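**Student:** Submitted below is the structure of interest, expressed as structure tokens.
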Amino acid sequence: MSRYPVGIDFGTTNSMIAVFKEKGVIEVISSDSGKRYLPSVIYFKNKKEAVTGDNAKSMQLLESQNTIANVKRYMGTDKKFEIHGKKYSAVELAALFFKKLKNLHRDYTGEDEAQAVITVPAYFDHMQREAVRSAAESAGFDVMTLLNEPTAAALYYNNIGKKENELCLVFDLGGGTLDISLIELNKNCLRVIATGGSTEIGGVDFDVAVADYLNDEFHKLHGIDLKTDPIAYQQLMFQAEKAKMELSALNETNIVIPYITITPKGPLHFKKELDKALFNRITEPIINKIKQITEDILTQNGLKPEDISRVLPVGGASRICNVRAFVESMFKSSVSKDLNPEEAVVCGAAVNAGMRAGLLKDRQFFDVTSHNLGLEDDNGNFEIILEKNEPYPVSFTSRFVTTDSSLKAVTVHVLQDMAKSSLNVSDNLGNNPDYFISLAKFDFQVENEEDESLIDIEFNIDGSGIVKVVAKDVNSGRQNDFTLKSEFTSDIIDNVKIY
Ligand code: ADP
Ligand code: MG
């Protein structure tokens with residue numbers, strides 16, 4: 001058992017690592033540049049050397065083809081990134097990034113062993129979770145469990161002062177995602193009631209909206225579309241993000257980009273004043289979407305804003321001026337100011353690491369699944385076995401009967417869906433991956449000496465939200481385990497030096 005179990009928040013935009021120390025002290029490990037977070041960006045200098053964090057972020061402008069950001073968005077997908085003529089999967093790149101976190105941990109603790117709790121968005125499906133787990137393990141972390149990000153934030157909130165009968169809403173707006181969870185806190189017990197959100201809304205959408213607006217203004221003035229010049233547009237994006245952050249504290253800001261483009265008549269500079277009112281107007285459609293998602297979660301659970309005793313704003317983008325204003329107008333005085341939005345998740349992961357390592361006793365928590373889990377039936381329809389918002393760890397068995405004695409095997413197709421149960425699998429699997437995620441498809445041999453075969457399919461969801469399926473032939477007792485693991489082999493950890 002390592003002396004310093006850690007929590008890790010592997011973010012789309014920024015990642016953090018926090019140590020659970022003696023007497024329950026939680027300390028965030030600083031990056032080499034002295035910041036408490038490490039931007040989740042990797043820049044490949046060449047095939048053998050890569051750089052993370054702020055140094056990588058600044059290379060996004062000059063060598064975007066060798067710089068990878070937002071890797072988390074591609075976890076669990078087949079997407080390949082080609083850099084310096086070599087192809088990498090998202091999980092390989094994540095593994096390399098975890099190796100940097102592992103080095104930071106070793107430098108801080110002097111230990112090679114690193115037991116970790118790693119947070120993932122609540123809506124992550126089995127495949128995405130597996131990808132994160134295997135990336136961290138291949139970088140040398142001993143992953144004690146994966147933990148849902150909103151649950152982590154609530155664990156931390158409860159850790160800084162026990163709460164009695166509070167119904168919390170965790171509102172986590174990160175760079176690219178909105179994650180909302182309803183969580184009951186009562187002394188040492190934390191119970192997640194429901195989760196929801198969107199993978200299509202985050203802080204970056206505000207940057208895009210502002211950058212596009214600035215581009216339109218420039219176009220009106222000079223007849224030049226800066227989108228056709230990737231470096232100029234990236235500069236607009238950087239400045240849009242900077243302006244958005246400044247408007248969290250100030251009423252107005254100036255955007256200045258000297259020499260944004262060169263025309264036959266000479267260089268052009270970019271200059272524009274942006275105040276809160278204009279920012280609000282530009283980004284209003286995004287706020288409306290966020291509002292809709294928040295309201296939907298409340299109504300789906302039969303709740304009104306007044307029923308929520310505490311709202312925990314989490315994620316850097318919860319600081320955006322009109323996001324903050326929306327949350328406060330909806331939930332009034334129940335909005336908590338106790339948490340640092342950037343650090344709540346990683347500190348909660350560290351609390352859980354302390355719990356798992358046996359350093360923090362008498363705490364309990366119960367999380368819930370964020371997807372329906374089921375099987376494809378004979379007609380190609382999705383049959384739900386375990387419904388969304390089911391507390392886990394959990395195990396459930398379904399019995400199937402086959403009456404066709406010529407049948408030698410049955411095909412078991414395990415799926416997760418996003419909510420809609422009456423959809424046809426084959427119509428929606430390929431062309432609408434948002435509805436179904438195929439976790440595994442395998443043939444299970446049946447021995448039907450009798451006229452009918454009974455097959456039990458058992459689903460297990462462990463404490464990390466990872467699914468295991470066991471198929472059992474009831475007559476013969478024969479069974480097969482299908483741990484739906486995503487293993488990957490790669491020499492990236494050994495071959496690439498990471499700074
Ligand atoms: P993730 O979980 O995606 O890694 P974070 O919680 O670190 O993300 O949030 C990153 C987002 O928060 C970015 O879009 C960033 O621009 C935004 N952000 C960070 N600080 C501020 C601030 N002070 N005001 C407004 N937005 C901010
Ligand atoms: Mg986050």
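Residues in the structure tokens are named by chain (A, B, ... in the order shown) and by number from 1 within that chain; ligands are numbered from 1 in the order shown.
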What lies within 6 Å of segment 133-139 of chain A using only C-alpha atoms, ignoring chain neighbours under 2 positions off, as a PyMOL selection string?

**Tutor:** chain A and resi 91+94-95+98-99+130-131+141

**Student:** Give me, as a VMD selection string, the set of residues whose atoms come within 10 Å of any atom of ligand 1, counting only C-alpha atoms and all ligand atoms.

**Tutor:** chain A and resid 9 to 16 37 to 40 70 72 to 73 120 to 121 149 172 to 179 202 to 207 238 240 to 249 314 to 324 341 to 345

**Student:** Any idea what the distance is between atom CA of Leu182 of chain A and atom CA of Thr195 of chain A?

**Tutor:**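 Computing it gives 6.3 Å between the two atoms.
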
**Student:** Which neighbours of Thr228 of chain A fall inside 12 Å, counting only C-alpha atoms, when residues of the same chain fewer than 5 positions from it are skipped, and could you give them as a list in words?

**Tutor:**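 Listed by chain and then number, they are Asn215, His219, Tyr233, Gln234 and Thr261 of chain A.
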
**Student:** Would you please work out which residue, of A:Pro285, A:Ala349, A:Lys272, A:Met144, is nearest to ligand 2 when using only C-alpha atoms and all ligand atoms?

**Tutor:** A:Ala349
